[in-house]
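Enquirer: Structure incoming, see below.
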Amino acid sequence: MRRLYFLIAVALLYFILYLTGNRLAILGFEFSLRILARIGGVFILVFLFMFFVNYLVTPKVINRYLARSAGIKRWLFAILGGIISTGPLYLWLPMLKGIKEQGVSDGFIAAFLYNRAIKPALLPLLILYFGLKYTILLTGTMIFFSIMIGLIMENVKFTKSKT
Amino acid sequence: MKRALSKTVRQILSFLPMLFGVVFLIGLFQALLPRSVYIAVFRKQPVIDSILGSLLGSILAGNPVTSYVLGGEFLRQGVSLVAVTAFLVAWVTVGVVQLPVEAMYLGRRFALLRNLFGFLFSILVAIVTVFLLSLL
């Protein structure tokens with residue numbers, strides 16, 4: 001229900017504007033419908049991609065690969081795991097805390113978290129708005145910087161026992 | 001398979017109300033604010049624009065779908081690509097709202113530093129991406 005509050009507030013705003021005879025309500029509504037028409041079709045693709053990712057990837061699977069790999073392989077799993085992990089962050093935090101306790105370094109966890117910003121299921125929408133070239137470049141740059149943030153975090157000491 | 005399907009439906013349903021709300025709010029802003037307002041704020045100066053975009057993306061939170069739609073509409077209004085890119089990247093890499101939960105699980109210093117670097121890197125990612133795009 002809480003998720004609906006924002007939508008209800010916006011609907012009320014439109015209703016008030018409409019009742020007061022303000023043209024903004026009609027203009028805004030028409031413009032919004034055009035946006036929805038533009039993105040509507042892409043949502044079928046988004047749904048399919050999300051379904052496949054949800055079917056194949058669970059925190060358990062990521063945990064298995066990230067905790068047991070080493071070296072470059074671990075970086076690859078951190079990147080791939082972050083990219084294919086879905087759902088809200090708080091669902092993944094217990095798993096990340098667990099692998100941290102198993103000895104996975106902060107750098108890998110930071111890289112994993114940074115790559116969560118890349119959402120394969122939502123790429124069709126990103127392409128629709130910004131184009132394929134931009135999407136490829138942005139994704140590549142973000143992967144590169146995820147390793148950078150990982151390396152930096154790897155070299156920062158966090159606890160007294162490490163310093 | 002049934003679990004994945006119900007999870008996907010739940011995920012879609014969880015962000016749809018917010019997405020609809022944002023789309024209809026964009027509609028109002030579009031009708032209310034002329035292009036000149038956006039152009040006055042974002043003056044096509046890569047560093048300043050990307051900092052502004054990052055700040056906005058860091059404060060706002062929600063599903064990335066919302067940020068794509070917002071960013072795409074900002075771009076249509078004349079906001080620079082570097083600002084929009086910084087906004088998109090900060091939206092998903094910096095989590096001011098989620099900071100306390102992240103700190104609880106992974107440590108306060110980890111969460112603070114990761115978000116700080118996330119903010120700085122969103123500016124860098126935006127500048128590098130737009131620069132590379134200009135080369136192609």
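The chains in the structure tokens are called A, B, ... from first to last as shown; in each chain the residues are counted from 1, and the ligands are counted from 1 in the order shown.
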Counting only C-alpha atoms, which residues of chain A sit at most 8 Å from some atom of chain B, and what is each one's closest atom pair with its distance in Å to one decimal, listed by chain and rising residue number, as a Markdown table?

Expert:
| residue | atom | partner | partner_atom | distance |
| --- | --- | --- | --- | --- |
| A:Arg3 | CA | B:Pro17 | CA | 6.4 |
| A:Leu4 | CA | B:Pro17 | CA | 5.8 |
| A:Phe6 | CA | B:Gly21 | CA | 6.2 |
| A:Leu7 | CA | B:Gly21 | CA | 4.3 |
| A:Ile8 | CA | B:Gly21 | CA | 7.9 |
| A:Val10 | CA | B:Gly21 | CA | 6.0 |
| A:Ala11 | CA | B:Gly21 | CA | 7.9 |
| A:Leu24 | CA | B:Ala31 | CA | 5.9 |
| A:Ala25 | CA | B:Leu28 | CA | 7.0 |
| A:Leu27 | CA | B:Ala31 | CA | 5.9 |
| A:Gly28 | CA | B:Gly27 | CA | 4.0 |
| A:Phe29 | CA | B:Gly27 | CA | 6.1 |
| A:Glu30 | CA | B:Gly27 | CA | 7.5 |
| A:Phe31 | CA | B:Gly27 | CA | 5.1 |
| A:Ser32 | CA | B:Gly27 | CA | 4.7 |
| A:Ile35 | CA | B:Val23 | CA | 7.1 |
| A:Leu36 | CA | B:Val23 | CA | 7.5 |
| A:Phe47 | CA | B:Thr8 | CA | 7.0 |
| A:Met50 | CA | B:Thr8 | CA | 6.1 |
| A:Phe51 | CA | B:Thr8 | CA | 5.5 |
| A:Phe52 | CA | B:Ala4 | CA | 7.8 |
| A:Asn54 | CA | B:Ala4 | CA | 5.1 |
| A:Tyr55 | CA | B:Ala4 | CA | 4.9 |
| A:Gly87 | CA | B:Gln11 | CA | 7.4 |
| A:Tyr90 | CA | B:Val101 | CA | 7.2 |
| A:Leu93 | CA | B:Tyr105 | CA | 6.3 |
| A:Pro94 | CA | B:Tyr105 | CA | 6.8 |
| A:Leu96 | CA | B:Leu106 | CA | 7.8 |
| A:Lys97 | CA | B:Tyr105 | CA | 5.9 |
| A:Asp106 | CA | B:Phe110 | CA | 7.7 |
| A:Ala110 | CA | B:Arg114 | CA | 6.7 |
| A:Leu113 | CA | B:Thr93 | CA | 7.8 |
| A:Tyr114 | CA | B:Thr93 | CA | 5.9 |
| A:Arg116 | CA | B:Val92 | CA | 7.8 |
| A:Ala117 | CA | B:Val92 | CA | 5.0 |
| A:Leu122 | CA | B:Val65 | CA | 7.0 |
| A:Leu125 | CA | B:Tyr68 | CA | 7.2 |
| A:Leu126 | CA | B:Tyr68 | CA | 6.3 |
| A:Tyr129 | CA | B:Gly72 | CA | 5.5 |
| A:Phe130 | CA | B:Gly72 | CA | 7.1 |
| A:Lys133 | CA | B:Leu133 | CA | 7.5 |
| A:Tyr134 | CA | B:Leu133 | CA | 6.6 |
| A:Leu137 | CA | B:Thr129 | CA | 6.0 |
| A:Leu138 | CA | B:Thr129 | CA | 5.6 |
| A:Thr141 | CA | B:Val125 | CA | 6.2 |
| A:Met142 | CA | B:Val125 | CA | 6.5 |
| A:Phe145 | CA | B:Phe121 | CA | 7.1 |
| A:Ile149 | CA | B:Phe117 | CA | 6.9 |
| A:Met153 | CA | B:Arg114 | CA | 7.5 |
| A:Phe158 | CA | B:Arg109 | CA | 6.5 |

Enquirer: Write out as a ChimeraX atom specification each polymer residue whose atoms come within 8 Å of Thr139 of chain A, counting only C-alpha atoms; drop sequence neighbours fewer than 4 positions from it.

Expert: /A:118,135,143

Enquirer: Between B:Val79, B:Leu55, B:Ile48, B:Leu60, which one has atoms that come closest to Ser36 of chain B, using only C-alpha atoms?

Expert: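 Going through B:Val79, B:Leu55, B:Ile48, B:Leu60 one by one, the smallest distance to Ser36 of chain B is for B:Val79.
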
Enquirer: Ala78 of chain A: which residues within 9 Å, counting only C-alpha atoms, same-chain residues fewer than 3 positions away excluded, as a short mmCIF file (atom, residue, chain, number, x, y, z; two decimals) with N, CA and C atoms, in the first residue's frame?

Expert:
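part_0.cif, written as the output of this step:
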data_model
loop_
_atom_site.label_atom_id
_atom_site.label_comp_id
_atom_site.auth_asym_id
_atom_site.auth_seq_id
_atom_site.Cartn_x
_atom_site.Cartn_y
_atom_site.Cartn_z
N ILE A 62 25.31 -17.28 -6.47
CA ILE A 62 26.37 -16.28 -6.44
C ILE A 62 27.35 -16.59 -5.31
N TYR A 65 29.86 -19.36 -6.18
CA TYR A 65 30.95 -19.00 -7.09
C TYR A 65 31.90 -17.96 -6.49
N LEU A 66 31.33 -16.96 -5.82
CA LEU A 66 32.15 -15.86 -5.31
C LEU A 66 33.03 -16.31 -4.14
N LYS A 73 39.53 -15.03 -11.56
CA LYS A 73 38.21 -15.68 -11.61
C LYS A 73 37.25 -15.02 -10.61
N ARG A 74 37.78 -14.68 -9.43
CA ARG A 74 36.93 -14.08 -8.41
C ARG A 74 36.45 -12.69 -8.86
N TRP A 75 37.37 -11.94 -9.52
CA TRP A 75 36.96 -10.64 -10.05
C TRP A 75 35.84 -10.83 -11.07
N GLY A 81 28.43 -11.63 -11.17
CA GLY A 81 27.45 -11.81 -10.10
C GLY A 81 26.68 -10.52 -9.84
N GLY A 82 27.42 -9.40 -9.81
CA GLY A 82 26.77 -8.11 -9.59
C GLY A 82 25.80 -7.78 -10.71
N ILE A 83 26.23 -8.06 -11.95
CA ILE A 83 25.39 -7.72 -13.11
C ILE A 83 24.09 -8.54 -13.11
N PHE A 108 36.19 -7.07 -3.55
CA PHE A 108 35.30 -7.88 -4.37
C PHE A 108 33.84 -7.54 -4.08
N ILE A 109 33.57 -7.31 -2.80
CA ILE A 109 32.19 -6.97 -2.43
C ILE A 109 31.81 -5.61 -3.03
N ALA A 110 32.75 -4.66 -2.98
CA ALA A 110 32.48 -3.33 -3.56
C ALA A 110 32.27 -3.45 -5.07
N ALA A 111 33.10 -4.28 -5.74
CA ALA A 111 32.95 -4.48 -7.19
C ALA A 111 31.60 -5.13 -7.50
N PHE A 112 31.24 -6.11 -6.68
CA PHE A 112 29.94 -6.78 -6.85
C PHE A 112 28.81 -5.75 -6.74
N LEU A 113 28.87 -4.93 -5.70
CA LEU A 113 27.80 -3.95 -5.48
C LEU A 113 27.75 -2.92 -6.61
N ASN A 115 28.61 -3.35 -9.71
CA ASN A 115 28.07 -3.95 -10.93
C ASN A 115 26.57 -4.23 -10.85
#

Enquirer: I want to know what sits within 7 Å of Ile99 of chain A, based on only C-alpha atoms, with residues of the same chain fewer than 4 positions away left out; could you give that as a VMD selection string?

Expert: chain A and resid 63 67 95 103 to 104
